[in-house]
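Student: The structure that follows is given in the form of structure tokens.
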Amino acid sequence: MSEVAGLPSLRRVLARMHLRVTLFAVGLTGLTVLLAGFAAIGAYASQNLHLIGRSAGYTAAPAIVFDDPVAAQQSITPLLEPGVAGIALLKPDGTVLASVERAGEDHSLARWIADWLFFAAPIEEPVIHLGTRIGSVRVHGEGSAVAAYIRDGILGTLVCLLLTGLAAWLLSRRLRADIVEPLNAIADAAHLFRRDETLDARVPPASIREVEALRTDFNALIAELADWRQHLRRENETLNHKASHDALTSLPNRAQFERRAAEMMAEARAGDASFVLLYADADSFKPINDLHGHAAGDLVLVETAARIRSCLRARDVAARLGGDEFAVLLAAPSGADAAERVTSEIAARLAEPIRLPSGAAVTMTLSIGAAIYPGDGQDLTTLINRADAAMYAVKGSLRTRKQGVS
């Protein structure tokens, strides 16, 4: 009898078992959420740094070409946003042309862990100009934003563990219905997120206050992670748009134009069809810029881009290649008739005066040359050269007519 009296009671055994099982389940759940969150945020942070590197490479390419450190510094400074510790623009020989760095203010353990886990090594993106690598961009990340998530996640997990342990100790007789099942729901939601990256699952309400607090904290962590992912997705979309579109006119830039041209060429080749490449250069932009100023010149370029775009179909592409040069891709099937029609429509639209903020009205004219795939070339370089030559022929003819009139 004395031996039996020395054994723990069933209630005490259940309470201990309940406490151990609950702490293990909640700890595993918290660890799963934290690890999955670290992985997701790390992936999005890395993608964000790569997009920043590409954007920096595109904006700084002219500075590398002309070996201009001041312009290079100015082009990469606006990209030093939260999450970026530094950006360096490197020449082909590896020397630094320009660099910017963010002064670190957070020296906490969580920041150190975030930097060690996700930003130990910088990412490097090549800078391509006319198909040739002319340098590279090196981007160093910093983990202040991720550190906040680490701190909150660890704190939330510890609070959840404490509350659940207290609930297990007080309510051991309601083990299955009131505690274990809600914890299983949390574990299932964490497993669903880790397996499928689904952030829509939420744990249903529980009947015990402590477990309900755990549920609330867990759902809050999931909601916070969802907000972070949505924020990073929006940033990535914005950076991707900046990397592929002209900042002034919002038309596709040269890199995007070349990608779309390659896609159209593949489609035309597969369908045995033709498409048109138009190359346009302004005839009267420099006098407008010199007489009315750069702000007026920018307005004229924006309006010119809009009028060119208005003459095209939805599947056609208009791009700004730089300065006052534009290019148009008329999707297959398109030929000489389509080139002549669109050229005439663009000329007619540009014949309408452009009203400047000063009240003055100016007229923009373009010399446009056309090349047709595959008759004028079966690769993009040849097509551009043929269209460029045709454009200069038109420009020369226009100059001759002006001299004859004068």
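Note on naming: chains are A, B, ... as they come in the structure tokens, residues start from 1 per chain, ligands start from 1 in the order shown.
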Determine which residues of stretch 60-92 of chain A receive a DSSP assignment of alpha helix (DSSP H), computed from the backbone, and state them as a ChimeraX atom specification.

Tutor: /A:60-65,69-76

Student: Would you save the residues from that selection as a compact mmCIF listing (two decimals), in the first residue's frame, using all heavy atoms?

Tutor:
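As written to disk, result-v3.txt reads:
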# COMPACT_ATOMS: atom_id res chain seq x y z
N ALA A 60 22.02 52.48 -64.70
CA ALA A 60 23.41 52.93 -64.64
C ALA A 60 24.22 52.55 -65.87
O ALA A 60 25.40 52.89 -65.95
CB ALA A 60 24.08 52.36 -63.39
N ALA A 61 23.61 51.86 -66.83
CA ALA A 61 24.36 51.43 -68.00
C ALA A 61 25.02 52.60 -68.75
O ALA A 61 26.20 52.52 -69.12
CB ALA A 61 23.46 50.63 -68.94
N PRO A 62 24.28 53.72 -68.99
CA PRO A 62 24.94 54.83 -69.67
C PRO A 62 26.15 55.37 -68.91
O PRO A 62 27.16 55.73 -69.50
CB PRO A 62 23.83 55.88 -69.78
CG PRO A 62 22.56 55.10 -69.71
CD PRO A 62 22.84 53.98 -68.78
N ALA A 63 26.04 55.38 -67.56
CA ALA A 63 27.16 55.88 -66.77
C ALA A 63 28.39 54.99 -66.91
O ALA A 63 29.52 55.47 -66.93
CB ALA A 63 26.74 56.00 -65.31
N ILE A 64 28.19 53.68 -67.00
CA ILE A 64 29.32 52.77 -67.19
C ILE A 64 29.93 52.97 -68.57
O ILE A 64 31.16 52.99 -68.74
CB ILE A 64 28.88 51.31 -67.00
CG1 ILE A 64 28.39 51.09 -65.57
CG2 ILE A 64 30.01 50.36 -67.31
CD1 ILE A 64 27.91 49.69 -65.30
N VAL A 65 29.06 53.12 -69.57
CA VAL A 65 29.55 53.30 -70.94
C VAL A 65 30.44 54.53 -71.02
O VAL A 65 31.51 54.52 -71.67
CB VAL A 65 28.37 53.40 -71.91
CG1 VAL A 65 28.86 53.79 -73.31
CG2 VAL A 65 27.62 52.08 -71.98
N PRO A 69 31.44 58.46 -62.88
CA PRO A 69 31.11 58.05 -61.51
C PRO A 69 29.98 58.88 -60.91
O PRO A 69 29.20 58.36 -60.13
CB PRO A 69 32.44 58.28 -60.76
CG PRO A 69 33.49 58.33 -61.81
CD PRO A 69 32.85 58.91 -63.03
N VAL A 70 29.90 60.17 -61.22
CA VAL A 70 28.86 61.03 -60.65
C VAL A 70 27.49 60.57 -61.11
O VAL A 70 26.55 60.40 -60.31
CB VAL A 70 29.10 62.50 -61.04
CG1 VAL A 70 27.96 63.37 -60.52
CG2 VAL A 70 30.42 62.98 -60.47
N ALA A 71 27.34 60.37 -62.41
CA ALA A 71 26.06 59.88 -62.93
C ALA A 71 25.74 58.51 -62.38
O ALA A 71 24.57 58.20 -62.09
CB ALA A 71 26.09 59.86 -64.46
N ALA A 72 26.75 57.65 -62.24
CA ALA A 72 26.53 56.32 -61.69
C ALA A 72 26.02 56.41 -60.25
O ALA A 72 25.09 55.70 -59.86
CB ALA A 72 27.81 55.50 -61.76
N GLN A 73 26.65 57.29 -59.46
CA GLN A 73 26.22 57.47 -58.07
C GLN A 73 24.78 57.95 -58.01
O GLN A 73 23.98 57.48 -57.21
CB GLN A 73 27.15 58.49 -57.39
CG GLN A 73 26.91 58.65 -55.90
CD GLN A 73 27.68 57.64 -55.09
OE1 GLN A 73 28.50 56.94 -55.64
NE2 GLN A 73 27.40 57.53 -53.81
N GLN A 74 24.43 58.91 -58.86
CA GLN A 74 23.07 59.45 -58.88
C GLN A 74 22.06 58.41 -59.32
O GLN A 74 20.92 58.42 -58.85
CB GLN A 74 23.00 60.67 -59.80
CG GLN A 74 23.80 61.87 -59.29
CD GLN A 74 23.85 63.01 -60.30
OE1 GLN A 74 23.50 62.84 -61.46
NE2 GLN A 74 24.29 64.17 -59.85
N SER A 75 22.43 57.50 -60.20
CA SER A 75 21.48 56.52 -60.73
C SER A 75 21.18 55.43 -59.73
O SER A 75 20.09 54.86 -59.74
CB SER A 75 22.01 55.92 -62.03
OG SER A 75 23.19 55.17 -61.79
N ILE A 76 22.13 55.08 -58.85
CA ILE A 76 21.89 53.97 -57.92
C ILE A 76 21.45 54.44 -56.54
O ILE A 76 20.90 53.65 -55.78
CB ILE A 76 23.15 53.07 -57.79
CG1 ILE A 76 24.34 53.87 -57.22
CG2 ILE A 76 23.50 52.46 -59.11
CD1 ILE A 76 25.58 53.02 -56.99

Student: Between atom CA of A:Glu345 and atom CA of A:Leu291, measure the distance and give it in Å to one decimal.

Tutor: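 Between these atoms lies a distance of 27.4 Å.
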
Student: Pick out the residues sitting within 9 Å of A:Leu80, and hand them over as a short mmCIF file (atom, residue, chain, number, x, y, z; two decimals) with N, CA, C and O atoms, in the first residue's frame; count only C-alpha atoms, and ignore anything fewer than 4 positions along from it in its own chain.

Tutor:
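Everything below was put into selection08.cif:
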data_model
loop_
_atom_site.label_atom_id
_atom_site.label_comp_id
_atom_site.auth_asym_id
_atom_site.auth_seq_id
_atom_site.Cartn_x
_atom_site.Cartn_y
_atom_site.Cartn_z
N ILE A 52 16.35 44.69 -57.74
CA ILE A 52 17.03 45.98 -57.53
C ILE A 52 18.33 46.01 -58.32
O ILE A 52 18.68 47.03 -58.93
N ILE A 76 22.13 55.08 -58.85
CA ILE A 76 21.89 53.97 -57.92
C ILE A 76 21.45 54.44 -56.54
O ILE A 76 20.90 53.65 -55.78
N VAL A 84 18.09 47.10 -48.19
CA VAL A 84 19.31 47.15 -48.98
C VAL A 84 20.40 47.85 -48.17
O VAL A 84 20.23 49.01 -47.78
N ALA A 85 21.50 47.15 -47.90
CA ALA A 85 22.58 47.74 -47.12
C ALA A 85 23.53 48.55 -47.99
O ALA A 85 24.11 49.53 -47.53
N GLY A 86 23.70 48.15 -49.24
CA GLY A 86 24.61 48.87 -50.11
C GLY A 86 24.51 48.39 -51.54
O GLY A 86 24.11 47.25 -51.81
N ILE A 87 24.86 49.28 -52.46
CA ILE A 87 24.87 48.96 -53.89
C ILE A 87 26.20 49.44 -54.45
O ILE A 87 26.62 50.58 -54.20
N VAL A 100 27.01 53.08 -52.91
CA VAL A 100 26.25 53.74 -51.85
C VAL A 100 26.01 52.71 -50.76
O VAL A 100 25.85 51.53 -51.03
N GLU A 101 25.98 53.17 -49.51
CA GLU A 101 25.76 52.28 -48.38
C GLU A 101 24.80 52.91 -47.40
O GLU A 101 24.73 54.14 -47.26
N ARG A 102 24.04 52.07 -46.73
CA ARG A 102 23.11 52.52 -45.69
C ARG A 102 23.75 52.29 -44.33
O ARG A 102 24.29 51.20 -44.06
#

Student: As an NGL selection string, please: the residues near A:Thr32 (cut-off 8 Å, only C-alpha atoms, same-chain neighbours under 3 positions excluded).

Tutor: :A and (28-29 or 35-36 or 190-191 or 194)

Student: Please indicate the distance in Å from atom CA of A:Met17 to atom CA of A:Ile154, rounded to one decimal place.

Tutor: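 Interatomic distance here is 24.4 Å.
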
Student: With only C-alpha atoms as the atoms that count, which of A:Gln256, A:Ala361, A:Gly375, A:Ser284 lies nearest to A:Ala318?

Tutor: A:Gln256

Student: I want to know what sits within 12 Å of A:Thr381, based on only C-alpha atoms, with residues of the same chain fewer than 3 positions away left out; could you give that as a list in words?

Tutor: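 Close residues of A:Thr381: Leu130, Gly131, Glu258, Ala261, Ala262, Leu277, Ala371, Tyr373, Asp376, Gly377, Gln378, Ile384, Asn385, Arg386, Ala387 and Asp388 of chain A.
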
Student: Using DSSP assignments from the backbone, pull out every residue in stretch 302-336 of chain A that falls under strand (DSSP E or B) and give it to me as a list in words.

Tutor: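 The strand (DSSP E or B) residues within stretch 302-336 of chain A come out as Val317, Ala318, Ala319, Arg320, Leu321, Gly322, Glu325, Phe326, Ala327, Val328, Leu329 and Leu330 of chain A.
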
Student: List as a list in words the protein and nucleic acid residues near A:Asp283, meaning an atom at most 10 Å away when only C-alpha atoms are counted, but skip any in the same chain fewer than 5 places from it.

Tutor: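 After dropping sequence-adjacent residues, the list is Asp324, Met364, Thr365, Leu366, Ser367, Lys395, Leu398 and Arg399 of chain A.
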
Student: Please compute the atom CA of A:Leu214-atom CA of A:Ala45 distance, one decimal, in Å.

Tutor: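 Spanning atom CA of A:Leu214 to atom CA of A:Ala45 is a straight-line distance of 28.3 Å.
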
Student: Show which residues sit within 10 Å of A:Thr304, as a tab-separated table (two decimals) with N, CA, C and O atoms, in the first residue's frame. Count only C-alpha atoms, and ignore same-chain residues fewer than 4 positions away.

Tutor:
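Resulting contents of result.tsv:
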chain	number	residue	atom	x	y	z
A	249	THR	N	8.14	57.77	-70.30
A	249	THR	CA	6.95	57.54	-71.14
A	249	THR	C	6.15	56.32	-70.73
A	249	THR	O	5.03	56.13	-71.22
A	282	ALA	N	13.13	61.35	-84.06
A	282	ALA	CA	12.53	62.68	-84.15
A	282	ALA	C	13.34	63.59	-85.08
A	282	ALA	O	14.57	63.54	-85.10
A	298	ASP	N	10.44	66.90	-72.25
A	298	ASP	CA	9.90	65.66	-71.67
A	298	ASP	C	8.41	65.53	-71.95
A	298	ASP	O	7.92	64.43	-72.27
A	299	LEU	N	7.69	66.62	-71.82
A	299	LEU	CA	6.25	66.58	-72.11
A	299	LEU	C	6.00	66.17	-73.56
A	299	LEU	O	5.08	65.39	-73.85
A	300	VAL	N	6.80	66.70	-74.48
A	300	VAL	CA	6.63	66.36	-75.90
A	300	VAL	C	6.90	64.88	-76.13
A	300	VAL	O	6.18	64.21	-76.88
A	308	ILE	N	1.78	57.64	-80.51
A	308	ILE	CA	2.22	56.43	-81.22
A	308	ILE	C	1.43	55.22	-80.73
A	308	ILE	O	0.93	54.42	-81.52
A	309	ARG	N	1.28	55.11	-79.42
A	309	ARG	CA	0.55	53.98	-78.84
A	309	ARG	C	-0.90	53.96	-79.30
A	309	ARG	O	-1.48	52.88	-79.51
A	310	SER	N	-1.51	55.14	-79.48
A	310	SER	CA	-2.92	55.21	-79.88
A	310	SER	C	-3.14	54.73	-81.31
A	310	SER	O	-4.28	54.44	-81.68
A	324	ASP	N	15.23	60.46	-78.30
A	324	ASP	CA	14.03	60.67	-79.10
A	324	ASP	C	13.87	59.55	-80.13
A	324	ASP	O	13.30	59.76	-81.21
A	326	PHE	N	12.29	55.83	-81.09
A	326	PHE	CA	11.22	54.91	-80.77
A	326	PHE	C	11.25	53.73	-81.75
A	326	PHE	O	11.80	53.83	-82.85
A	346	ILE	N	0.51	57.57	-87.64
A	346	ILE	CA	1.38	58.26	-86.68
A	346	ILE	C	1.69	59.67	-87.16
A	346	ILE	O	1.67	60.64	-86.38
A	349	ARG	N	-1.35	61.86	-86.57
A	349	ARG	CA	-1.55	62.20	-85.15
A	349	ARG	C	-0.51	63.21	-84.68
A	349	ARG	O	-0.83	64.14	-83.92
A	350	LEU	N	0.74	63.07	-85.15
A	350	LEU	CA	1.77	64.00	-84.72
A	350	LEU	C	1.65	65.36	-85.40
A	350	LEU	O	2.26	66.34	-84.95
A	354	ILE	N	1.12	70.15	-80.19
A	354	ILE	CA	1.21	69.78	-78.79
A	354	ILE	C	1.28	71.05	-77.96
A	354	ILE	O	2.16	71.89	-78.17
A	363	THR	N	4.99	71.26	-82.90
A	363	THR	CA	4.64	70.08	-83.69
A	363	THR	C	5.86	69.17	-83.77
A	363	THR	O	6.96	69.62	-84.06
A	364	MET	N	5.64	67.90	-83.47
A	364	MET	CA	6.71	66.91	-83.48
A	364	MET	C	6.60	66.07	-84.75
A	364	MET	O	5.49	65.66	-85.13
A	365	THR	N	7.70	65.86	-85.43
A	365	THR	CA	7.70	64.99	-86.61
A	365	THR	C	8.71	63.87	-86.41
A	365	THR	O	9.73	64.04	-85.73
A	366	LEU	N	8.42	62.71	-87.00
A	366	LEU	CA	9.28	61.54	-86.90
A	366	LEU	C	9.65	61.04	-88.29
A	366	LEU	O	8.80	61.03	-89.19

Student: Would you please work out which residue, of A:Ala314, A:Ala348, A:Met264, A:Ala327, is nearest to A:Pro374 when using only C-alpha atoms?

Tutor: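 Under the stated criterion, the closest residue is A:Met264.
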
Student: Could you tell me which of A:Leu330, A:Leu383, A:Ala280, A:Arg202 comes closest to A:Ala347 if we count only C-alpha atoms?

Tutor: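 With only C-alpha atoms as the atom set, the closest residue is A:Ala280.
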